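The structure file work_4.cif is reproduced below (mmCIF, C-alpha atoms).
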data_input
#
loop_
_atom_site.label_atom_id
_atom_site.label_comp_id
_atom_site.auth_asym_id
_atom_site.auth_seq_id
_atom_site.Cartn_x
_atom_site.Cartn_y
_atom_site.Cartn_z
CA ALA A 1 -14.92 -77.58 -92.32
CA GLU A 2 -17.03 -74.45 -91.93
CA MET A 3 -18.52 -75.77 -88.70
CA TYR A 4 -15.05 -76.60 -87.41
CA ASP A 5 -13.79 -73.16 -88.13
CA LYS A 6 -16.70 -71.64 -86.26
CA MET A 7 -16.05 -73.95 -83.32
CA VAL A 8 -12.36 -73.03 -83.18
CA CYS A 9 -13.19 -69.32 -83.40
CA TRP A 10 -15.69 -69.59 -80.58
CA CYS A 11 -13.27 -71.49 -78.40
CA GLU A 12 -10.52 -68.98 -78.94
CA THR A 13 -12.83 -66.05 -78.29
CA SER A 14 -14.32 -67.68 -75.22
CA GLU A 15 -10.90 -68.51 -73.86
CA LYS A 16 -9.72 -64.93 -74.26
CA GLU A 17 -12.84 -63.61 -72.54
CA LYS A 18 -12.46 -66.04 -69.68
CA LYS A 19 -8.77 -65.22 -69.24
CA LYS A 20 -9.61 -61.53 -69.21
CA ALA A 21 -12.42 -62.09 -66.70
CA VAL A 22 -10.09 -64.11 -64.48
CA ALA A 23 -7.41 -61.43 -64.74
CA ASP A 24 -9.91 -58.71 -63.95
CA ALA A 25 -11.20 -60.71 -61.00
CA ASN A 26 -7.68 -61.27 -59.70
CA ALA A 27 -6.90 -57.58 -60.04
CA LYS A 28 -10.10 -56.65 -58.26
CA ASP A 29 -9.28 -59.14 -55.52
CA GLU A 30 -5.85 -57.63 -55.06
CA GLN A 31 -7.35 -54.15 -55.02
CA LEU A 32 -9.94 -55.13 -52.43
CA THR A 33 -7.35 -56.94 -50.36
CA ALA A 34 -5.09 -53.87 -50.39
CA GLU A 35 -8.02 -51.63 -49.48
CA ILE A 36 -9.02 -53.91 -46.62
CA GLU A 37 -5.47 -53.91 -45.33
CA ALA A 38 -5.26 -50.11 -45.63
CA ARG A 39 -8.58 -49.65 -43.88
CA SER A 40 -7.51 -52.07 -41.15
CA ALA A 41 -4.31 -50.10 -40.66
CA ARG A 42 -6.24 -46.81 -40.53
CA PHE A 43 -8.75 -48.33 -38.11
CA GLY A 44 -5.94 -49.53 -35.86
CA GLN A 45 -4.30 -46.11 -35.98
CA LEU A 46 -7.60 -44.39 -35.31
CA SER A 47 -8.32 -46.73 -32.42
CA ALA A 48 -4.91 -45.94 -30.96
CA GLU A 49 -5.50 -42.19 -31.37
CA ILE A 50 -8.92 -42.48 -29.76
CA ALA A 51 -7.45 -44.39 -26.81
CA LYS A 52 -4.62 -41.85 -26.47
CA THR A 53 -7.04 -38.92 -26.64
CA LYS A 54 -9.22 -40.49 -23.96
CA GLU A 55 -6.15 -40.97 -21.76
CA GLU A 56 -5.14 -37.32 -22.27
CA ILE A 57 -8.63 -36.13 -21.38
CA ALA A 58 -8.66 -38.30 -18.25
CA ALA A 59 -5.16 -37.13 -17.25
CA ASN A 60 -6.03 -33.45 -17.72
CA THR A 61 -9.29 -33.90 -15.82
CA GLU A 62 -7.47 -35.59 -12.93
CA ALA A 63 -4.75 -32.91 -12.94
CA LEU A 64 -7.40 -30.19 -12.76
CA LYS A 65 -9.20 -32.02 -9.96
CA THR A 66 -5.95 -32.42 -7.99
CA ALA A 67 -5.00 -28.78 -8.52
CA THR A 68 -8.46 -27.69 -7.39
CA THR A 69 -8.24 -29.82 -4.24
CA ILE A 70 -4.80 -28.40 -3.41
CA ARG A 71 -5.94 -24.81 -4.05
CA GLU A 72 -9.04 -25.26 -1.91
CA GLY A 73 -6.87 -26.65 0.88
CA GLU A 74 -4.41 -23.75 0.58
CA ALA A 75 -7.28 -21.24 0.57
CA ALA A 76 -8.80 -22.83 3.68
CA ASP A 77 -5.43 -22.78 5.46
CA PHE A 78 -4.94 -19.15 4.46
CA ARG A 79 -8.35 -18.11 5.75
CA GLY A 80 -7.63 -19.72 9.11
CA GLU A 81 -4.12 -18.26 9.36
CA GLU A 82 -5.31 -14.84 8.20
CA LYS A 83 -8.09 -14.84 10.80
CA ASP A 84 -5.62 -15.74 13.57
CA MET A 85 -3.12 -13.11 12.40
CA VAL A 86 -5.75 -10.38 12.10
CA GLN A 87 -6.96 -11.21 15.62
CA ALA A 88 -3.40 -11.23 16.97
CA ILE A 89 -2.76 -7.82 15.38
CA ALA A 90 -6.00 -6.43 16.85
CA ASN A 91 -5.08 -7.83 20.27
CA LEU A 92 -1.62 -6.24 20.15
CA ARG A 93 -3.04 -2.92 18.99
CA ASN A 94 -5.46 -2.88 21.91
CA ALA A 95 -2.78 -3.94 24.39
CA ILE A 96 -0.44 -1.21 23.16
CA GLN A 97 -3.30 1.27 23.36
CA VAL A 98 -3.89 0.31 27.00
CA LEU A 99 -0.20 0.72 27.87
CA SER A 100 0.06 3.98 25.93
CA LYS A 101 -2.53 5.42 28.31
CA HIS A 102 -0.59 4.31 31.40
CA GLN A 103 2.87 5.74 30.77
CA THR A 104 3.49 6.90 34.36
CA THR A 105 4.28 4.63 37.29
CA GLN A 106 1.15 5.59 39.19
CA ALA A 107 -1.12 5.10 36.20
CA PHE A 108 0.51 1.77 35.36
CA LEU A 109 0.09 0.52 38.90
CA GLN A 110 -3.59 1.43 38.75
CA LEU A 111 -4.29 -1.12 36.04
CA GLU A 112 -7.05 -3.39 37.31
CA GLY A 113 -6.27 -7.03 38.00
CA PRO A 114 -8.62 -8.39 35.31
CA VAL A 115 -7.02 -6.07 32.74
CA VAL A 116 -3.53 -7.22 33.66
CA SER A 117 -4.65 -10.85 33.54
CA SER A 118 -6.21 -10.29 30.14
CA LEU A 119 -3.08 -8.55 28.90
CA ARG A 120 -1.04 -11.55 30.04
CA VAL A 121 -3.30 -13.92 28.09
CA LEU A 122 -3.00 -11.81 24.95
CA LEU A 123 0.76 -11.34 25.29
CA ARG A 124 1.40 -15.05 25.80
CA ASP A 125 -0.72 -15.87 22.75
CA ALA A 126 1.12 -13.23 20.69
CA ALA A 127 4.51 -14.47 21.93
CA LEU A 128 3.69 -18.05 20.93
CA LYS A 129 2.57 -16.91 17.48
CA TYR A 130 5.70 -14.81 17.18
CA GLU A 131 7.91 -17.77 18.05
CA VAL A 132 6.18 -19.87 15.36
CA LEU A 133 6.67 -17.00 12.91
CA LEU A 134 10.40 -16.84 13.63
CA ALA A 135 10.77 -20.62 13.42
CA GLY A 136 10.08 -20.45 9.70
CA LYS A 137 12.32 -17.45 9.12
CA SER A 138 15.87 -18.39 10.07
CA GLU A 139 17.30 -15.17 8.66
CA ARG A 140 15.28 -13.27 11.27
CA SER A 141 16.10 -15.55 14.20
CA ARG A 142 18.77 -13.28 15.66
CA ARG A 143 16.43 -10.33 15.57
CA GLY A 144 13.73 -12.36 17.32
CA THR A 145 16.20 -13.59 19.95
CA ALA A 146 17.25 -10.02 20.61
CA LEU A 147 13.62 -8.98 20.92
CA LEU A 148 12.80 -11.63 23.52
CA ALA A 149 16.10 -10.97 25.28
CA LEU A 150 14.97 -7.38 25.73
CA GLY A 151 11.97 -8.59 27.67
CA ALA A 152 14.07 -10.96 29.77
CA ALA A 153 16.68 -8.31 30.59
CA THR A 154 14.01 -5.78 31.50
CA GLN A 155 12.27 -8.37 33.65
CA ARG A 156 15.41 -8.81 35.76
CA ALA A 157 15.65 -5.10 36.53
CA ALA A 158 15.08 -4.00 40.10
CA GLY A 159 12.26 -1.85 41.36
CA SER A 160 9.56 -3.47 39.27
CA SER A 161 5.89 -3.72 40.05
CA ALA A 162 3.76 -6.87 40.09
CA ALA A 163 2.03 -5.65 36.92
CA ASP A 164 5.41 -5.23 35.22
CA GLU A 165 6.47 -8.72 36.18
CA ALA A 166 3.15 -10.16 35.05
CA LEU A 167 3.31 -8.62 31.59
CA LEU A 168 6.99 -9.37 30.96
CA GLY A 169 6.56 -12.91 32.25
CA ALA A 170 3.78 -13.46 29.73
CA LEU A 171 6.20 -12.63 26.90
CA ASP A 172 8.52 -15.47 27.99
CA VAL A 173 7.04 -18.54 26.29
CA HIS A 174 9.44 -20.76 28.21
CA GLY A 175 8.56 -19.21 31.55
CA ALA A 176 5.74 -19.84 33.98
CA GLU A 177 2.35 -20.82 32.64
CA VAL A 178 -0.24 -18.12 32.12
CA SER A 179 -3.51 -18.77 33.92
CA LYS A 180 -6.13 -20.31 31.67
CA ALA A 181 -9.00 -19.02 33.77
CA LEU A 182 -9.58 -16.37 31.11
CA SER A 183 -10.21 -17.55 27.56
CA LEU A 184 -8.38 -15.78 24.76
CA LYS A 185 -11.67 -14.54 23.33
CA PHE A 186 -12.87 -13.08 26.64
CA ALA A 187 -9.45 -11.55 27.39
CA ALA A 188 -9.44 -9.91 23.95
CA ARG A 189 -12.84 -8.34 24.64
CA LEU A 190 -11.78 -7.06 28.03
CA VAL A 191 -8.57 -5.48 26.71
CA GLU A 192 -10.47 -3.99 23.77
CA ARG A 193 -12.89 -2.41 26.23
CA ALA A 194 -9.97 -1.05 28.28
CA ALA A 195 -8.34 0.32 25.12
CA ARG A 196 -11.50 2.27 24.30
CA ALA A 197 -11.84 3.64 27.81
CA PRO A 198 -10.73 7.24 28.57
CA SER A 199 -6.99 7.71 29.06
CA ALA A 200 -5.47 7.84 32.55
CA GLY A 201 -5.67 11.34 33.97
CA GLY A 202 -8.51 12.26 31.63
CA ARG A 203 -6.25 12.87 28.64
CA GLY A 204 -6.74 11.05 25.35
CA ALA A 205 -3.50 9.34 24.32
CA ALA A 206 -3.31 8.76 20.55
CA PHE A 207 -2.43 5.21 19.55
CA LEU A 208 1.35 4.82 19.09
CA GLN A 209 1.79 8.60 19.07
CA VAL A 210 3.39 9.13 22.48
CA ALA A 211 6.53 10.84 21.20
CA GLN A 212 8.69 11.01 24.35
CA PRO A 213 6.96 9.57 27.44
CA LEU A 214 8.29 10.93 30.72
CA TYR A 215 9.11 7.86 32.82
CA GLU A 216 9.09 8.49 36.54
CA SER A 217 10.94 5.37 37.69
CA ARG A 218 12.41 2.04 36.74
CA SER A 219 8.92 0.59 36.78
CA SER A 220 7.65 2.91 34.05
CA ALA A 221 10.87 2.35 32.08
CA ARG A 222 10.15 -1.34 32.25
CA SER A 223 6.66 -0.61 30.95
CA ALA A 224 8.34 1.06 27.99
CA GLY A 225 10.27 -2.18 27.45
CA VAL A 226 7.03 -4.14 27.18
CA TYR A 227 5.64 -1.41 24.96
CA GLY A 228 8.65 -1.64 22.64
CA VAL A 229 8.52 -5.42 22.42
CA MET A 230 4.83 -5.38 21.57
CA THR A 231 5.33 -2.61 19.02
CA GLN A 232 8.00 -4.63 17.20
CA MET A 233 5.85 -7.75 17.31
CA LEU A 234 2.95 -5.76 15.91
CA GLU A 235 5.06 -4.45 13.03
CA GLU A 236 6.27 -7.92 12.13
CA PHE A 237 2.79 -9.41 12.38
CA GLU A 238 1.47 -6.73 10.03
CA ALA A 239 4.32 -7.39 7.59
CA GLU A 240 3.65 -11.13 7.76
CA LEU A 241 -0.05 -10.57 7.12
CA LYS A 242 0.77 -8.58 3.98
CA THR A 243 3.12 -11.34 2.82
CA MET A 244 0.47 -14.01 3.45
CA GLN A 245 -2.14 -12.03 1.54
CA SER A 246 0.26 -11.43 -1.35
CA GLU A 247 1.13 -15.13 -1.55
CA GLU A 248 -2.56 -16.04 -1.48
CA THR A 249 -3.24 -13.64 -4.37
CA GLN A 250 -0.39 -15.22 -6.34
CA GLY A 251 -1.74 -18.67 -5.56
CA GLN A 252 -5.19 -17.70 -6.83
CA GLU A 253 -3.74 -16.25 -10.03
CA SER A 254 -1.54 -19.30 -10.66
CA TYR A 255 -4.46 -21.66 -10.13
CA ALA A 256 -6.72 -19.61 -12.41
CA ALA A 257 -4.11 -19.79 -15.20
CA LEU A 258 -3.61 -23.53 -14.72
CA ALA A 259 -7.34 -24.24 -14.57
CA ALA A 260 -7.97 -22.24 -17.76
CA ALA A 261 -5.21 -24.11 -19.60
CA LYS A 262 -6.44 -27.53 -18.45
CA GLU A 263 -10.06 -26.75 -19.28
CA GLU A 264 -8.99 -25.65 -22.77
CA GLU A 265 -7.01 -28.86 -23.25
CA ILE A 266 -9.94 -30.96 -22.04
CA GLU A 267 -12.36 -29.19 -24.38
CA ALA A 268 -9.98 -29.59 -27.35
CA GLY A 269 -9.56 -33.28 -26.54
CA LYS A 270 -13.32 -33.87 -26.41
CA LYS A 271 -13.82 -32.10 -29.75
CA LYS A 272 -11.09 -34.21 -31.37
CA LEU A 273 -12.60 -37.38 -29.90
CA ASP A 274 -16.04 -36.53 -31.31
CA GLU A 275 -14.54 -36.00 -34.78
CA MET A 276 -12.67 -39.32 -34.71
CA GLN A 277 -15.72 -41.24 -33.53
CA ALA A 278 -18.10 -39.60 -36.01
#
This structure in structure tokens:
Amino acid sequence: AEMYDKMVCWCETSEKEKKKAVADANAKDEQLTAEIEARSARFGQLSAEIAKTKEEIAANTEALKTATTIREGEAADFRGEEKDMVQAIANLRNAIQVLSKHQTTQAFLQLEGPVVSSLRVLLRDAALKYEVLLAGKSERSRRGTALLALGAATQRAAGSSAADEALLGALDVHGAEVSKALSLKFAARLVERAARAPSAGGRGAAFLQVAQPLYESRSSARSAGVYGVMTQMLEEFEAELKTMQSEETQGQESYAALAAAKEEEIEAGKKKLDEMQA
């Protein structure tokens, strides 16, 4: 009986221990299963965040690259346009300087053939640039039409010299072709040299400071017409140059702000990526 009692006690105790061990094991299994599922979920979320961060970095890098390409293209276009405009302004200044020193009929008629030919080349180039300028500024089209009409009306006046006709004809972009025997570069040099030469009659005429020229005939009045047209073109070219330079400055500032923002976003994205992958 004593042995039986011991056997029953052992069985009961052993059964309780085994049940507890099984329960503990089941609980541990459930805990581990839940932890695995939680870690799997976090891993999936982290993987998604890593992929998204990589996409954001790539997108920002591409956006910066595209913006840089566009800005470089705009800067290159500006440099070319600015160079052409500066040269056109210099050419007009020199041409006006030459005419300002030949305000009388006799002096105007004494302009040498090569100088007149060079003036024609410069005036045709300036007229073409002016027409392009007006094409993009519809609000100024009437003013431009009036300006060119001034040259046409003056050209039809009687009593004109061959030099008058040559210069006014060069302003008409739809008129006869201007001889291409002289290159624009060579013509610009020749007119520049003429502009620096002593004034007609030995008097130094200040640039654009001839207050009230005394015209002796219709021919010299027509010269004043050319002078006026070129002066207006010069003023508008100078205004356009300032506008171009202002827009270029704004473009540089806008790009600098965009580039700084994108670089900051890229750097923040890389830092976040490093932390997630650590």
**Q.** Result set, the PyMOL selection byres ((chain A and resi 245-262) around 12) on current file, as a VMD selection string
**A.** chain A and resid 56 to 79 81 to 83 85 to 86 238 to 244 263 to 269
Q) Looking at all atoms listed in the file, which of A:Phe43, A:Ala126, A:Ile50, A:Ala166 is the one that sits closest to Ser179 in chain A? A) A:Ala166
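Of note, CA of Glu275 in chain A and CA of Glu37 in chain A are spaced 22.7 Å apart.
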Q. Between CA of Val173 in chain A and CA of Gln97 in chain A, what is the distance, to one decimal in Å?
A. 22.5 Å
Q: Check which residues satisfy the PyMOL selection byres ((chain A and resi 188) around 10) in the file shown, then give them as an NGL selection string.
A: :A and (87-88 or 90-92 or 94-95 or 115 or 118-119 or 121-122 or 182-187 or 189-194)
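Compared by their closest atoms to Leu234 in chain A, and using all atoms listed in the file, the residues A:Ala21, A:Ala48, A:Ala127, A:Ala135 rank with A:Ala127 nearest.
Rounded to one decimal, CA of Glu55 in chain A and CA of Leu273 in chain A lie 11.0 Å from each other.
Across A:Leu134, A:Leu128, A:Ala38, A:Ala195, the tightest approach to Gly175 in chain A is made by A:Leu128 when counting all atoms listed in the file.
Shortest separation to Glu131 in chain A among A:Lys101, A:Ala51, A:Leu168, A:Glu236 occurs at residue A:Glu236, atoms counted being all atoms listed in the file.
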Q | 8 Å contact set for Arg120 in chain A, all atoms listed in the file, chain neighbours under 6 positions out, as a VMD selection string | A | chain A and resid 166 to 167 170 to 171 178
